[in-house]
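Here is the structure we will look at.
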Amino acid sequence: MTITADDTAPGTPVLSVQDLAVHLPTEHGLLRAVDGVSFEVRAGQTLGIVGESGSGKSVTAKTLLRLNPARFHESGTVRLHGADAPDGSDALDLMELRADGPMIRAVRGRRIAMIFQEPMTAFSPLHTIGDQIMEAILLHRTSDRAEARDICLEWMLRVGIGDAERRIDQYPHQFSGGMRQRAMIAMALSCEPEVLIADEPTTALDVTIQAQVLELMQELQEETGMAIVFITHDLAVVAGMCDEVAVMYLGRIVEQAPVRELFSSPQHPYTRGLLRSIPRLGMGRDERLHAIEGTVPQAIDLPPMCSFRDRCTARIEGVCETAEPRLLELTGHHHVRCFLHDPDAPEPDRLVGSAASEPARASAAVTASAVPGTPAHPEESPA
């Protein structure tokens, strides 16, 4: 049985990822770019994946479509539901397919499409923008070139490319970076995929076109039930765009929750730090944004300890350096990877920083004004 996004009931799992790992041997040791990531995205749902550069977000996205170089060691499962599998089931494990085989090529573009982060290198300089957008349309939607051209023109206009009749025959060097980004978005959306992976899709766009593109993605999602995996560093966009958020750090998900719950009650010190680092309405002149000290380290031969320990202001001495914390379920939809919430954690030698003065489950006072109806300070929530 093969289905399209239109046939998918809202809330039905479309893509299920379990224990995804991507390791790369280097001369300095084993680089664990992605290390045991699991999530699920449903029809009509947008899952946001956030984190600093080096957290493994983009590698995760490319792995879903098997786009990593052959030297990368990949494991885990990536199940596309509603797809014909060799065993006769209706869930196709993309990790079992040849990365250069016909089955994964049939999935790319039509079933799962991706908006890449690098618009300047996404297009071949030897072919026109229109020919490159139409390539996917001719492969997956129609064999009629005139019809493919009409579809291409429609999508170029929908993503904000003016004078599309002329632009369609131009080459990539005749487009600015922002215009190339729009063309890449048009290419990804033109086949109306079931799953859209958007890796920083609006980075090169001005705020007006950014709002237009995000609105377009939401409109298409409402029309077709498309699921979106939205990778970004812009927490304001996450607040307005996503239904659920996964926070990644050093190749692992450290917290995952519905967007409103994550913004109003973040439980991991890293999440709290990210939220404190964005401005909020009503800030005083003397108030300063919070900065997380240090940078994301390289994930090479890391010792078995909390990967955020050295940057954490709430670490537990004698505990956080002993093992990697497990992912705990706080509620049915809120998970966190932190010893502060583990009832089975060893007794601490001492608490450091905010952990010494705050209850383990206390939420930081973070900005949530970007989420309509969510108080900026969790303690202001009605009982």
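By convention here, the chains of the structure tokens are called A, B, ... in the order presented, each chain's residues are numbered starting at 1, and ligands are numbered starting at 1 in the order presented.
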Please list as an mmCIF file with C-alpha atoms, in the first residue's frame every residue within 9 Å of stretch 139-151 of chain A, counting only C-alpha atoms and excluding residues in the same chain fewer than 3 positions away.
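Result file around-v4.cif:
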```cif
data_model
loop_
_atom_site.group_PDB
_atom_site.id
_atom_site.type_symbol
_atom_site.label_atom_id
_atom_site.label_comp_id
_atom_site.auth_asym_id
_atom_site.auth_seq_id
_atom_site.Cartn_x
_atom_site.Cartn_y
_atom_site.Cartn_z
ATOM 1 C CA ALA A 106 11.914 7.091 -5.002
ATOM 2 C CA GLY A 109 11.826 14.465 -3.146
ATOM 3 C CA ARG A 110 8.436 12.770 -3.427
ATOM 4 C CA GLY A 130 13.880 26.137 -13.735
ATOM 5 C CA ASP A 131 15.430 22.953 -15.123
ATOM 6 C CA ILE A 133 13.301 22.564 -10.013
ATOM 7 C CA MET A 134 11.520 20.755 -12.847
ATOM 8 C CA GLU A 135 13.802 17.732 -12.543
ATOM 9 C CA ALA A 136 12.001 16.607 -9.375
ATOM 10 C CA GLU A 154 3.513 28.440 -9.675
ATOM 11 C CA TRP A 155 5.889 27.474 -6.891
ATOM 12 C CA MET A 156 8.442 30.137 -7.774
ATOM 13 C CA ILE A 168 12.858 30.398 -14.594
ATOM 14 C CA SER A 190 6.808 21.429 -5.554
ATOM 15 C CA CYS A 191 6.134 17.689 -5.146
#
```
* Excluding A:Gln18 and residues on its chain fewer than 4 positions from it, collect all residues at most 9 Å away from it, counting only C-alpha atoms, and give them as a list in words. => Gly36, Val37, Ser38, Phe39, Glu40, Gly76, Thr77, Val78 and Arg79 of chain A
Now that the selection is made, can you save its residues with C-alpha atoms as a short mmCIF file (atom, residue, chain, number, x, y, z; two decimals), in the first residue's frame?
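Contents of part10.cif, as written:
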```
data_model
loop_
_atom_site.label_atom_id
_atom_site.label_comp_id
_atom_site.auth_asym_id
_atom_site.auth_seq_id
_atom_site.Cartn_x
_atom_site.Cartn_y
_atom_site.Cartn_z
CA GLY A 36 21.10 7.44 20.12
CA VAL A 37 18.51 9.94 18.87
CA SER A 38 14.83 8.90 18.89
CA PHE A 39 11.75 10.87 17.92
CA GLU A 40 8.47 10.58 16.05
CA GLY A 76 19.29 2.67 14.14
CA THR A 77 15.92 2.72 12.37
CA VAL A 78 14.16 5.40 10.32
CA ARG A 79 10.69 4.09 9.52
#
```
Go through stretch 200-257 of chain A and flag each residue having an atom no more than 12 Å from stretch 174-183 of chain A; for those, report the closest pair of atoms plus their distance in Å to one decimal, using only C-alpha atoms, ordered by chain and rising number, as a tab-separated table.
```
residue	atom	partner	partner_atom	distance
A:Glu200	CA	A:Gln181	CA	10.2
A:Pro201	CA	A:Gln181	CA	7.4
A:Thr202	CA	A:Gln181	CA	7.5
A:Thr203	CA	A:Gln181	CA	8.5
A:Ala204	CA	A:Gly178	CA	5.0
A:Leu205	CA	A:Gly178	CA	5.2
A:Asp206	CA	A:Gly178	CA	7.9
A:Val207	CA	A:Gly178	CA	11.3
A:Thr208	CA	A:Gly178	CA	11.9
A:Ile209	CA	A:Arg182	CA	8.8
A:Gln210	CA	A:Arg182	CA	9.6
A:Gln212	CA	A:Arg182	CA	10.6
A:Val213	CA	A:Arg182	CA	8.2
A:Leu214	CA	A:Arg182	CA	11.4
A:Leu216	CA	A:Arg182	CA	11.6
```
Spatial neighbours of A:His268, max dist 8 Å, only C-alpha atoms, sep filter under 4 positions, as a compact mmCIF listing (two decimals) with N, CA and C atoms, in the first residue's frame:
```
# COMPACT_ATOMS: atom_id res chain seq x y z
N VAL A 254 18.49 16.16 24.75
CA VAL A 254 18.57 16.33 26.21
C VAL A 254 17.22 16.71 26.81
N GLU A 255 16.31 17.20 25.96
CA GLU A 255 14.96 17.50 26.44
C GLU A 255 14.01 17.52 25.25
N ARG A 272 17.21 25.82 29.64
CA ARG A 272 17.02 27.08 30.37
C ARG A 272 17.99 28.14 29.87
N VAL A 336 13.45 14.37 29.70
CA VAL A 336 14.67 15.14 29.97
C VAL A 336 15.80 14.19 30.32
N ARG A 337 17.01 14.56 29.94
CA ARG A 337 18.20 13.76 30.22
C ARG A 337 19.07 14.54 31.21
N CYS A 338 18.81 14.35 32.50
CA CYS A 338 19.54 15.12 33.51
C CYS A 338 19.44 14.43 34.87
```
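Counting only C-alpha atoms, the residue from A:Gln132, A:Ser55, A:Gln267, A:Ser277 that sits nearest to A:Ile253 is A:Ser55.
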* **Secondary structure check, strand (DSSP E or B) residues of stretch 41-281 of chain A, as number ranges by chain** => A: 41-42, 46-50, 73-81, 91-93, 108, 112-115, 195-199, 227-231, 244-249, 252-258
* **Members of stretch 146-379 of chain A assigned alpha helix (DSSP H) by DSSP, as a PyMOL selection string** => chain A and resi 146-158+164-167+177-189+207-224+235-241+259-264+269-276
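One distance worth recording is that between atom CA of A:Leu327 and atom CA of A:Glu244, which is 16.7 Å.
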* To do: Find the distance between atom CA of A:Ala227 and atom CA of A:Thr60 and write it in Å to one decimal.
  => 16.3 Å
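When only C-alpha atoms are used to measure the gap to A:Gly251, the shortest distance among A:Glu27, A:Asp35, A:Asp301, A:Glu324 belongs to A:Asp35.
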